[in-house]
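Visitor: Got input13.csv for you, CSV, C-alpha atoms and all ligand atoms:
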chain,number,residue,atom,x,y,z
A,208,MET,CA,-66.1,51.0,110.1
A,209,GLU,CA,-65.6,50.5,106.4
A,210,LEU,CA,-62.7,48.1,107.1
A,211,PHE,CA,-65.1,45.6,108.6
A,212,ASN,CA,-68.1,46.3,106.5
A,213,LEU,CA,-69.6,43.2,104.8
A,214,SER,CA,-72.6,44.9,103.2
A,215,GLY,CA,-73.6,43.2,100.0
A,216,LYS,CA,-71.3,40.3,100.5
A,217,ARG,CA,-72.7,36.7,100.2
A,218,ALA,CA,-71.6,34.0,102.6
A,219,LEU,CA,-71.8,30.3,102.8
A,220,VAL,CA,-71.3,28.8,106.2
A,221,VAL,CA,-70.8,25.0,106.1
A,222,GLY,CA,-71.6,23.7,109.6
A,223,GLY,CA,-73.7,26.8,110.3
A,224,GLY,CA,-76.0,24.8,112.5
A,225,GLY,CA,-73.1,24.1,114.9
A,226,ASP,CA,-72.0,26.1,117.9
A,227,LEU,CA,-69.0,27.8,116.3
A,228,GLY,CA,-70.5,28.0,112.7
A,229,PHE,CA,-73.6,29.6,114.0
A,230,ALA,CA,-71.7,32.2,116.0
A,231,MET,CA,-69.5,33.0,112.9
A,232,MET,CA,-72.6,33.2,110.7
A,233,GLU,CA,-74.3,35.6,113.1
A,234,GLY,CA,-71.1,37.8,113.1
A,235,LEU,CA,-71.0,38.0,109.3
A,236,LEU,CA,-74.7,38.9,109.3
A,237,GLU,CA,-74.2,41.6,111.9
A,238,ALA,CA,-71.4,43.0,109.7
A,239,GLY,CA,-73.9,43.3,106.8
A,240,ALA,CA,-73.5,40.1,104.8
A,241,SER,CA,-76.3,37.8,103.7
A,242,ALA,CA,-75.6,34.1,104.5
A,243,VAL,CA,-76.7,30.5,103.9
A,244,ALA,CA,-76.0,27.8,106.5
A,245,VAL,CA,-75.4,24.3,105.4
A,246,ASP,CA,-75.7,21.5,108.0
A,247,ILE,CA,-76.9,17.9,108.3
A,248,ASP,CA,-78.8,18.9,111.5
A,249,PRO,CA,-82.5,19.5,110.7
A,250,ASN,CA,-82.6,22.1,113.5
A,251,VAL,CA,-80.5,24.4,111.2
A,252,SER,CA,-83.6,25.9,109.7
A,253,SER,CA,-85.1,26.9,113.0
A,254,LEU,CA,-81.7,28.6,113.9
A,255,THR,CA,-81.7,30.6,110.6
A,256,ASP,CA,-85.4,31.4,111.1
A,257,LEU,CA,-84.5,33.1,114.3
A,258,LEU,CA,-81.9,35.1,112.5
A,259,SER,CA,-84.3,36.1,109.8
A,260,LYS,CA,-86.8,37.2,112.4
A,261,LYS,CA,-84.1,39.5,113.8
A,262,GLY,CA,-84.0,41.1,110.3
A,263,PHE,CA,-80.9,39.4,108.9
A,264,LYS,CA,-80.7,37.8,105.4
A,265,ALA,CA,-80.3,34.2,106.6
A,266,SER,CA,-81.4,30.9,105.1
A,267,SER,CA,-80.4,27.3,105.4
A,268,LEU,CA,-79.9,24.0,103.5
A,269,GLN,CA,-80.0,20.6,105.1
A,270,VAL,CA,-77.1,18.7,103.5
A,271,ASP,CA,-75.0,15.6,104.3
A,272,ILE,CA,-71.5,16.7,103.3
A,273,THR,CA,-70.2,13.2,103.1
A,274,ASP,CA,-72.1,13.0,99.8
A,275,ARG,CA,-70.0,14.7,97.0
A,276,SER,CA,-73.0,15.3,94.7
A,277,ALA,CA,-74.9,16.8,97.6
A,278,ILE,CA,-72.0,19.2,98.2
A,279,LYS,CA,-72.1,20.3,94.6
A,280,LYS,CA,-75.9,20.8,94.6
A,281,SER,CA,-75.7,22.7,97.9
A,282,VAL,CA,-73.3,25.3,96.4
A,283,ALA,CA,-75.6,25.8,93.4
A,284,ASP,CA,-78.6,26.0,95.8
A,285,ALA,CA,-76.9,28.5,98.0
A,286,GLU,CA,-76.0,30.7,95.1
A,287,LYS,CA,-79.7,30.8,94.1
A,288,LEU,CA,-80.7,31.7,97.7
A,289,LEU,CA,-78.1,34.4,97.8
A,290,ASN,CA,-78.9,35.7,94.3
A,291,GLY,CA,-75.4,35.5,93.2
A,292,SER,CA,-72.0,33.9,93.6
A,293,ILE,CA,-70.4,33.3,97.0
A,294,ASP,CA,-67.9,35.9,98.3
A,295,ILE,CA,-67.2,34.3,101.7
A,296,LEU,CA,-66.9,30.6,102.5
A,297,VAL,CA,-66.6,29.3,106.1
A,298,ASN,CA,-65.9,25.6,106.5
A,299,SER,CA,-67.0,24.8,110.1
A,300,ALA,CA,-68.6,21.4,109.9
A,301,GLY,CA,-66.7,18.9,111.9
A,302,ILE,CA,-66.9,15.7,114.0
A,303,GLN,CA,-64.9,14.1,116.7
A,304,ARG,CA,-64.6,10.3,117.4
A,305,ARG,CA,-62.4,9.2,120.3
A,306,ARG,CA,-60.8,5.7,120.7
A,307,PRO,CA,-57.3,4.5,121.4
A,308,SER,CA,-55.4,4.4,118.1
A,309,GLU,CA,-54.8,0.7,118.2
A,310,ASP,CA,-58.5,0.0,118.3
A,311,TYR,CA,-59.6,2.9,116.1
A,312,LEU,CA,-62.5,1.9,113.8
A,313,GLU,CA,-62.3,2.1,110.1
A,314,LYS,CA,-65.7,3.8,109.9
A,315,ASP,CA,-64.7,6.4,112.4
A,316,TRP,CA,-61.6,7.1,110.4
A,317,ASP,CA,-63.5,7.4,107.1
A,318,ASP,CA,-66.3,9.6,108.6
A,319,VAL,CA,-63.9,12.1,110.3
A,320,ILE,CA,-61.6,12.5,107.3
A,321,SER,CA,-64.6,12.8,105.0
A,322,ILE,CA,-66.4,15.5,107.0
A,323,ASN,CA,-63.4,17.4,108.4
A,324,LEU,CA,-61.0,17.3,105.5
A,325,THR,CA,-62.4,16.0,102.2
A,326,ALA,CA,-65.6,18.1,102.3
A,327,THR,CA,-63.5,21.2,103.2
A,328,PHE,CA,-61.5,20.7,100.1
A,329,PHE,CA,-64.5,20.2,97.8
A,330,TYR,CA,-66.3,23.2,99.1
A,331,CYS,CA,-63.2,25.4,98.6
A,332,GLN,CA,-62.7,24.0,95.1
A,333,LEU,CA,-66.4,24.6,94.0
A,334,VAL,CA,-66.7,28.0,95.5
A,335,ALA,CA,-63.3,29.2,94.2
A,336,LYS,CA,-64.4,28.8,90.6
A,337,ASN,CA,-66.6,31.9,90.8
A,338,MET,CA,-64.3,33.6,93.2
A,339,ILE,CA,-61.5,33.3,90.6
A,340,LEU,CA,-63.8,34.7,87.9
A,341,ASN,CA,-64.7,37.6,90.2
A,342,GLY,CA,-61.1,38.2,91.3
A,343,TYR,CA,-62.3,38.3,94.9
A,344,GLY,CA,-63.0,35.9,97.7
A,345,LYS,CA,-62.4,35.1,101.4
A,346,ILE,CA,-62.2,31.5,102.6
A,347,ILE,CA,-62.0,30.6,106.3
A,348,ASN,CA,-61.3,27.0,107.1
A,349,VAL,CA,-61.8,25.8,110.7
A,350,ALA,CA,-58.6,23.9,111.8
A,351,SER,CA,-57.9,23.3,115.4
A,352,ILE,CA,-55.0,23.5,117.9
A,353,MET,CA,-55.0,19.8,117.0
A,354,SER,CA,-53.5,21.0,113.7
A,355,PHE,CA,-50.3,21.6,115.8
A,356,PHE,CA,-50.6,18.9,118.5
A,357,GLY,CA,-51.3,15.2,118.1
A,358,GLY,CA,-53.9,14.9,120.9
A,359,VAL,CA,-54.7,11.6,122.7
A,360,THR,CA,-57.1,9.0,121.3
A,361,ILE,CA,-58.0,11.2,118.3
A,362,PRO,CA,-55.8,10.0,115.4
A,363,ALA,CA,-58.3,10.8,112.7
A,364,TYR,CA,-59.3,14.2,114.1
A,365,ALA,CA,-55.6,15.2,114.5
A,366,ALA,CA,-54.8,14.0,111.0
A,367,SER,CA,-57.8,15.8,109.5
A,368,LYS,CA,-57.0,19.1,111.2
A,369,GLY,CA,-53.3,18.9,110.3
A,370,GLY,CA,-54.6,18.3,106.8
A,371,VAL,CA,-56.9,21.4,107.0
A,372,ALA,CA,-54.0,23.6,108.0
A,373,GLN,CA,-51.8,22.3,105.1
A,374,LEU,CA,-54.7,22.4,102.7
A,375,THR,CA,-55.3,26.1,103.6
A,376,LYS,CA,-51.6,26.9,102.8
A,377,ALA,CA,-51.7,24.9,99.5
A,378,LEU,CA,-54.9,26.7,98.4
A,379,SER,CA,-53.5,30.0,99.4
A,380,ASN,CA,-50.5,29.4,97.2
A,381,ASP,CA,-52.7,28.6,94.3
A,382,TRP,CA,-55.3,31.3,94.7
A,383,ALA,CA,-53.9,34.3,96.6
A,384,SER,CA,-52.7,35.8,93.2
A,385,LYS,CA,-56.3,35.4,91.9
A,386,GLY,CA,-57.8,37.6,94.7
A,387,ILE,CA,-58.8,34.9,97.1
A,388,CYS,CA,-57.5,35.0,100.7
A,389,VAL,CA,-57.5,31.5,102.1
A,390,ASN,CA,-57.0,31.3,105.9
A,391,ALA,CA,-57.8,29.0,108.8
A,392,ILE,CA,-58.7,29.6,112.4
A,393,ALA,CA,-57.4,27.1,114.9
A,394,PRO,CA,-59.7,27.2,117.9
A,395,GLY,CA,-58.4,25.9,121.2
A,396,TYR,CA,-60.7,24.4,123.9
A,397,ILE,CA,-64.1,25.9,123.4
A,398,ASP,CA,-67.2,25.1,125.5
A,399,THR,CA,-69.4,23.4,122.9
A,400,ARG,CA,-71.2,20.1,122.5
A,401,LEU,CA,-68.2,18.8,120.6
A,402,ASN,CA,-66.3,18.8,123.9
A,403,THR,CA,-69.0,17.5,126.2
A,404,ALA,CA,-66.8,14.4,127.0
A,405,LEU,CA,-63.8,16.5,127.9
A,406,ILE,CA,-65.7,19.0,130.0
A,407,ASN,CA,-67.3,16.2,132.0
A,408,ASP,CA,-63.9,14.7,132.7
A,409,ASP,CA,-62.8,16.7,135.8
A,410,GLU,CA,-59.1,15.7,135.5
A,411,ARG,CA,-58.8,16.6,131.8
A,412,SER,CA,-60.9,19.8,132.2
A,413,THR,CA,-58.6,21.0,135.0
A,414,GLU,CA,-55.5,20.3,132.9
A,415,VAL,CA,-57.0,22.4,130.1
A,416,LEU,CA,-57.7,25.3,132.5
A,417,LEU,CA,-54.2,25.1,134.1
A,418,ARG,CA,-52.4,25.3,130.8
A,419,THR,CA,-54.6,28.0,129.2
A,420,PRO,CA,-53.0,31.4,130.1
A,421,MET,CA,-56.4,33.1,130.0
A,422,LYS,CA,-57.7,30.6,132.6
A,423,ARG,CA,-61.0,30.0,130.9
A,424,TRP,CA,-62.6,27.8,128.2
A,425,GLY,CA,-63.4,29.7,125.0
A,426,ILE,CA,-67.0,30.4,124.0
A,427,PRO,CA,-68.5,30.3,120.5
A,428,ASN,CA,-68.8,34.1,120.5
A,429,ASP,CA,-64.9,34.2,120.7
A,430,MET,CA,-65.0,33.2,117.0
A,431,LYS,CA,-67.3,36.1,115.8
A,432,GLY,CA,-64.7,38.9,115.6
A,433,VAL,CA,-62.1,36.8,113.8
A,434,ALA,CA,-64.7,35.6,111.3
A,435,ILE,CA,-65.6,39.2,110.5
A,436,PHE,CA,-61.9,40.2,110.3
A,437,LEU,CA,-60.9,37.4,108.0
A,438,SER,CA,-64.0,38.1,105.8
A,439,SER,CA,-63.5,41.8,105.5
A,440,PRO,CA,-61.1,44.3,103.8
A,441,ALA,CA,-59.3,44.6,107.2
A,442,SER,CA,-57.5,41.3,106.3
A,443,ASP,CA,-56.8,41.9,102.6
A,444,PHE,CA,-53.1,41.2,102.9
A,445,ILE,CA,-53.5,38.0,105.0
A,446,SER,CA,-53.5,34.6,103.3
A,447,GLY,CA,-52.2,31.2,104.2
A,448,ALA,CA,-52.4,31.9,107.9
A,449,VAL,CA,-53.5,29.5,110.5
A,450,LEU,CA,-54.6,31.7,113.4
A,451,PRO,CA,-54.9,30.2,116.9
A,452,ILE,CA,-58.0,31.3,118.8
A,453,ASP,CA,-57.1,29.6,122.1
A,454,GLY,CA,-56.6,32.0,125.0
A,455,GLY,CA,-52.8,31.6,124.6
A,456,TYR,CA,-52.8,27.8,124.9
A,457,SER,CA,-50.6,27.0,121.9
A,458,ALA,CA,-47.9,29.6,122.9
A,459,ARG,CA,-47.1,27.6,126.1
A,501,LIG,N1,-65.4,23.1,120.0
A,501,LIG,C1,-64.1,23.2,120.0
A,501,LIG,O1,-63.4,23.2,121.1
A,501,LIG,C2,-63.3,23.1,118.8
A,501,LIG,C3,-61.9,23.3,118.8
A,501,LIG,C4,-61.2,23.3,117.6
A,501,LIG,C5,-61.8,23.1,116.4
A,501,LIG,N2,-63.2,23.0,116.4
A,501,LIG,C6,-63.8,22.8,115.1
A,501,LIG,O2,-64.7,23.8,114.9
A,501,LIG,C7,-65.7,23.3,114.0
A,501,LIG,C8,-67.1,23.5,114.6
A,501,LIG,O3,-67.2,22.7,115.8
A,501,LIG,P1,-68.3,23.0,116.9
A,501,LIG,O4,-67.6,23.1,118.2
A,501,LIG,O5,-69.1,24.2,116.5
A,501,LIG,O6,-69.1,21.6,116.9
A,501,LIG,P2,-70.6,21.4,116.5
A,501,LIG,O7,-70.8,19.9,116.7
A,501,LIG,O8,-71.5,22.3,117.3
A,501,LIG,O9,-70.7,21.8,115.0
A,501,LIG,C9,-70.3,21.0,113.9
A,501,LIG,C10,-71.5,21.0,112.9
A,501,LIG,O10,-71.1,20.1,111.8
A,501,LIG,C11,-72.3,19.5,111.4
A,501,LIG,N3,-72.0,18.3,110.7
A,501,LIG,C12,-71.5,17.1,111.2
A,501,LIG,N4,-71.5,16.2,110.2
A,501,LIG,C13,-72.0,16.7,109.1
A,501,LIG,C14,-72.4,16.2,107.8
A,501,LIG,N5,-72.1,14.9,107.5
A,501,LIG,N6,-72.9,17.1,107.0
A,501,LIG,C15,-73.2,18.3,107.3
A,501,LIG,N7,-72.9,18.9,108.5
A,501,LIG,C16,-72.4,18.1,109.4
A,501,LIG,C17,-73.0,19.2,112.7
A,501,LIG,O11,-74.4,18.9,112.5
A,501,LIG,C18,-72.8,20.4,113.5
A,501,LIG,O12,-73.8,21.4,113.4
A,501,LIG,C19,-65.4,21.8,113.8
A,501,LIG,O13,-64.7,21.7,112.5
A,501,LIG,C20,-64.5,21.5,114.9
A,501,LIG,O14,-63.6,20.4,114.6
A,501,LIG,C21,-63.9,23.0,117.5
Starting from the file, give its structure as structure tokens.
Ligand SMILES: NC(=O)c1ccc[n+]([C@@H]2O[C@H](COP(=O)([O-])OP(=O)(O)OC[C@H]3O[C@@H](n4cnc5c(N)ncnc54)[C@H](O)[C@@H]3O)[C@@H](O)[C@H]2O)c1
Guide:
Amino acid sequence: MELFNLSGKRALVVGGGGDLGFAMMEGLLEAGASAVAVDIDPNVSSLTDLLSKKGFKASSLQVDITDRSAIKKSVADAEKLLNGSIDILVNSAGIQRRRPSEDYLEKDWDDVISINLTATFFYCQLVAKNMILNGYGKIINVASIMSFFGGVTIPAYAASKGGVAQLTKALSNDWASKGICVNAIAPGYIDTRLNTALINDDERSTEVLLRTPMKRWGIPNDMKGVAIFLSSPASDFISGAVLPIDGGYSAR
């Protein structure tokens, strides 16, 4: 299917060592792209080694994205590993810190905003420079249904993800005319380690299932198809969208 073919495309997946980032990276590779995963988790290299053994063009960089100079270096290093400039950027690194808002810690606020929102902006800005020169690029930011809802005990996360949704629209307004599609996906409740606390809380877990029309938690592979779609020519007239991937949750 030419519409979904990513052969020859070069992708950078920030947070590619995470559950959703890894699934999206695998999807892009399966559609023909080559890809570099950036993650702070040292395990990221064994994950991409597994992909390379399957015959995919995958590599990794261990980077702490709270460090702006490390972000800049990682884009240059990724372009070297990919033998060229980046066509597809996925921003999937993210953290969650829970605490009642009145007791929320300054460090937790700073960490969440820095990783979820600030790093997303700087990766977009750095990668867009070459995308603008090439007149082509696809950016997928990972927002959340907490871009639409406030959540409970997660003030920094909700603020960061609301910010990611607005940032996506702002960048789309600036860059869509230059050939870059900037979109966000907004995952709902997905069964990953980020949600361990929620999944282990029987009451909250039941509430989630009762409200989700599809009556199940999402799985990381639910992100694969949408990552391929938003990276491929199939979505060439879509920019500035924030697409819920939530089993119908946000429509209720
Ligand atoms: N799991 C869900 O239900 C859900 C729902 C909505 C949105 N999201 C978002 O999806 C994205 C991926 O989440 P996930 O569920 O795969 O979680 P995850 O914890 O599996 O993945 C997040 C990745 O970010 C990396 N990371 C954290 N801090 C970093 C840093 N300082 N430098 C570099 N990398 C860093 C982690 O090492 C991890 O590999 C996040 O932005 C998250 O907010 C997840």
Visitor: Within 7 Å of ligand LIG 501 (chain A), which residues of chain A come that close, and what is the closest atom pair and distance in Å for each? Count all atoms listed in the file and give it as JSON lines.
Guide:
{"residue": "A:Val221", "atom": "CA", "partner": "A:LIG501", "partner_atom": "N7", "distance": 6.9}
{"residue": "A:Gly222", "atom": "CA", "partner": "A:LIG501", "partner_atom": "O10", "distance": 4.2}
{"residue": "A:Gly223", "atom": "CA", "partner": "A:LIG501", "partner_atom": "O12", "distance": 6.2}
{"residue": "A:Gly224", "atom": "CA", "partner": "A:LIG501", "partner_atom": "O12", "distance": 4.1}
{"residue": "A:Gly225", "atom": "CA", "partner": "A:LIG501", "partner_atom": "O12", "distance": 3.2}
{"residue": "A:Asp226", "atom": "CA", "partner": "A:LIG501", "partner_atom": "O5", "distance": 3.7}
{"residue": "A:Leu227", "atom": "CA", "partner": "A:LIG501", "partner_atom": "O5", "distance": 3.6}
{"residue": "A:Gly228", "atom": "CA", "partner": "A:LIG501", "partner_atom": "O5", "distance": 5.6}
{"residue": "A:Val245", "atom": "CA", "partner": "A:LIG501", "partner_atom": "C15", "distance": 6.7}
{"residue": "A:Asp246", "atom": "CA", "partner": "A:LIG501", "partner_atom": "N7", "distance": 3.9}
{"residue": "A:Ile247", "atom": "CA", "partner": "A:LIG501", "partner_atom": "C15", "distance": 3.9}
{"residue": "A:Asp248", "atom": "CA", "partner": "A:LIG501", "partner_atom": "O11", "distance": 4.5}
{"residue": "A:Val270", "atom": "CA", "partner": "A:LIG501", "partner_atom": "C15", "distance": 5.5}
{"residue": "A:Asp271", "atom": "CA", "partner": "A:LIG501", "partner_atom": "N6", "distance": 3.7}
{"residue": "A:Ile272", "atom": "CA", "partner": "A:LIG501", "partner_atom": "N6", "distance": 4.0}
{"residue": "A:Thr273", "atom": "CA", "partner": "A:LIG501", "partner_atom": "N5", "distance": 5.1}
{"residue": "A:Ser299", "atom": "CA", "partner": "A:LIG501", "partner_atom": "C7", "distance": 4.4}
{"residue": "A:Ala300", "atom": "CA", "partner": "A:LIG501", "partner_atom": "O10", "distance": 3.4}
{"residue": "A:Gly301", "atom": "CA", "partner": "A:LIG501", "partner_atom": "O13", "distance": 3.5}
{"residue": "A:Ile302", "atom": "CA", "partner": "A:LIG501", "partner_atom": "C12", "distance": 5.6}
{"residue": "A:Gln303", "atom": "CA", "partner": "A:LIG501", "partner_atom": "O14", "distance": 6.8}
{"residue": "A:Ile322", "atom": "CA", "partner": "A:LIG501", "partner_atom": "N5", "distance": 5.8}
{"residue": "A:Asn323", "atom": "CA", "partner": "A:LIG501", "partner_atom": "O13", "distance": 6.1}
{"residue": "A:Val349", "atom": "CA", "partner": "A:LIG501", "partner_atom": "O13", "distance": 5.3}
{"residue": "A:Ala350", "atom": "CA", "partner": "A:LIG501", "partner_atom": "C5", "distance": 5.7}
{"residue": "A:Ser351", "atom": "CA", "partner": "A:LIG501", "partner_atom": "C4", "distance": 4.0}
{"residue": "A:Ile352", "atom": "CA", "partner": "A:LIG501", "partner_atom": "C4", "distance": 6.2}
{"residue": "A:Ala393", "atom": "CA", "partner": "A:LIG501", "partner_atom": "C4", "distance": 6.0}
{"residue": "A:Pro394", "atom": "CA", "partner": "A:LIG501", "partner_atom": "C4", "distance": 4.2}
{"residue": "A:Gly395", "atom": "CA", "partner": "A:LIG501", "partner_atom": "C3", "distance": 5.0}
{"residue": "A:Tyr396", "atom": "CA", "partner": "A:LIG501", "partner_atom": "O1", "distance": 4.1}
{"residue": "A:Ile397", "atom": "CA", "partner": "A:LIG501", "partner_atom": "O1", "distance": 3.6}
{"residue": "A:Asp398", "atom": "CA", "partner": "A:LIG501", "partner_atom": "O1", "distance": 6.1}
{"residue": "A:Thr399", "atom": "CA", "partner": "A:LIG501", "partner_atom": "N1", "distance": 4.9}
{"residue": "A:Arg400", "atom": "CA", "partner": "A:LIG501", "partner_atom": "O8", "distance": 5.7}
{"residue": "A:Leu401", "atom": "CA", "partner": "A:LIG501", "partner_atom": "O6", "distance": 4.7}
{"residue": "A:Asn402", "atom": "CA", "partner": "A:LIG501", "partner_atom": "N1", "distance": 5.9}
Visitor: Just checking: using all atoms listed in the file, which residue out of A:Ile406, A:Ile320, A:Leu340, A:Ile452 ends up closest to Lys431 in chain A?
Guide: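 Among the listed residues, the smallest separation from Lys431 in chain A belongs to A:Ile452.
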Visitor: Find the residues near Asp443 in chain A: any atom within 10 Å, counting only C-alpha atoms, skip ones fewer than 2 places away on the same chain, and give them as a ChimeraX atom specification.
Guide: /A:210,344-345,386-388,436-441,445-446
Visitor: Leu288 in chain A: which residues within 10 Å, counting all atoms listed in the file, same-chain residues fewer than 4 positions away excluded, as a list in words?
Guide: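 Those residues are Arg217, Ser241, Ala242, Val243, Lys264, Ala265, Ser266, Ser267, Leu268, Val282, Ala283, Asp284 and Ser292 of chain A.
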Visitor: Nearest to Ala238 in chain A among A:Val415, A:Asp317, A:Ile435, A:Ala363, with distances taken over all atoms listed in the file: which residue is it?
Guide: A:Ile435
Visitor: When distances are computed from all atoms listed in the file, which of A:Pro249, A:Pro451, A:Ile293, A:Leu417 shows the smallest separation from Met430 in chain A?
Guide: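 That would be A:Pro451, the residue with the smallest distance to Met430 in chain A.
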Visitor: Using all atoms listed in the file, which of the listed residues (A:Ser281, A:Thr419, A:Gln332, A:Thr360) sits closest to Arg306 in chain A?
Guide: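 Ranking A:Ser281, A:Thr419, A:Gln332, A:Thr360 by distance to Arg306 in chain A, first place goes to A:Thr360.
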Visitor: Using only C-alpha atoms, pick whichever of A:Phe329, A:Ser457, A:Ser367, A:Asp408 has the shortest atom-to-atom distance to Arg304 in chain A.
Guide: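 The shortest atom-to-atom distance to Arg304 in chain A comes from A:Ser367.
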Visitor: Using all atoms listed in the file, which residue out of A:Trp316, A:Phe263, A:Ala230, A:Ala326 lies closest to Ala277 in chain A?
Guide: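 Closest candidate: A:Ala326.
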Visitor: Could you check how far CA of Ala377 in chain A sits from CA of Gly358 in chain A, in Å to one decimal?
Guide: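 Computing the Euclidean distance for CA of Ala377 in chain A and CA of Gly358 in chain A yields 23.7 Å.
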Visitor: Around the point (-62.1, 23.7, 99.7) in the file's coordinates, collect all residues with an atom within 12 Å, using all atoms listed in the file, and return them as a PyMOL selection string.
Guide: chain A and resi 221+278-279+282+295-299+322-336+345-349+370-379+381-382+387+389-391
Visitor: Quick one: residues within 8 Å of Lys385 in chain A, all atoms listed in the file counted, chain neighbours fewer than 3 positions away excluded, as a PyMOL selection string?
Guide: chain A and resi 339+342-343+382
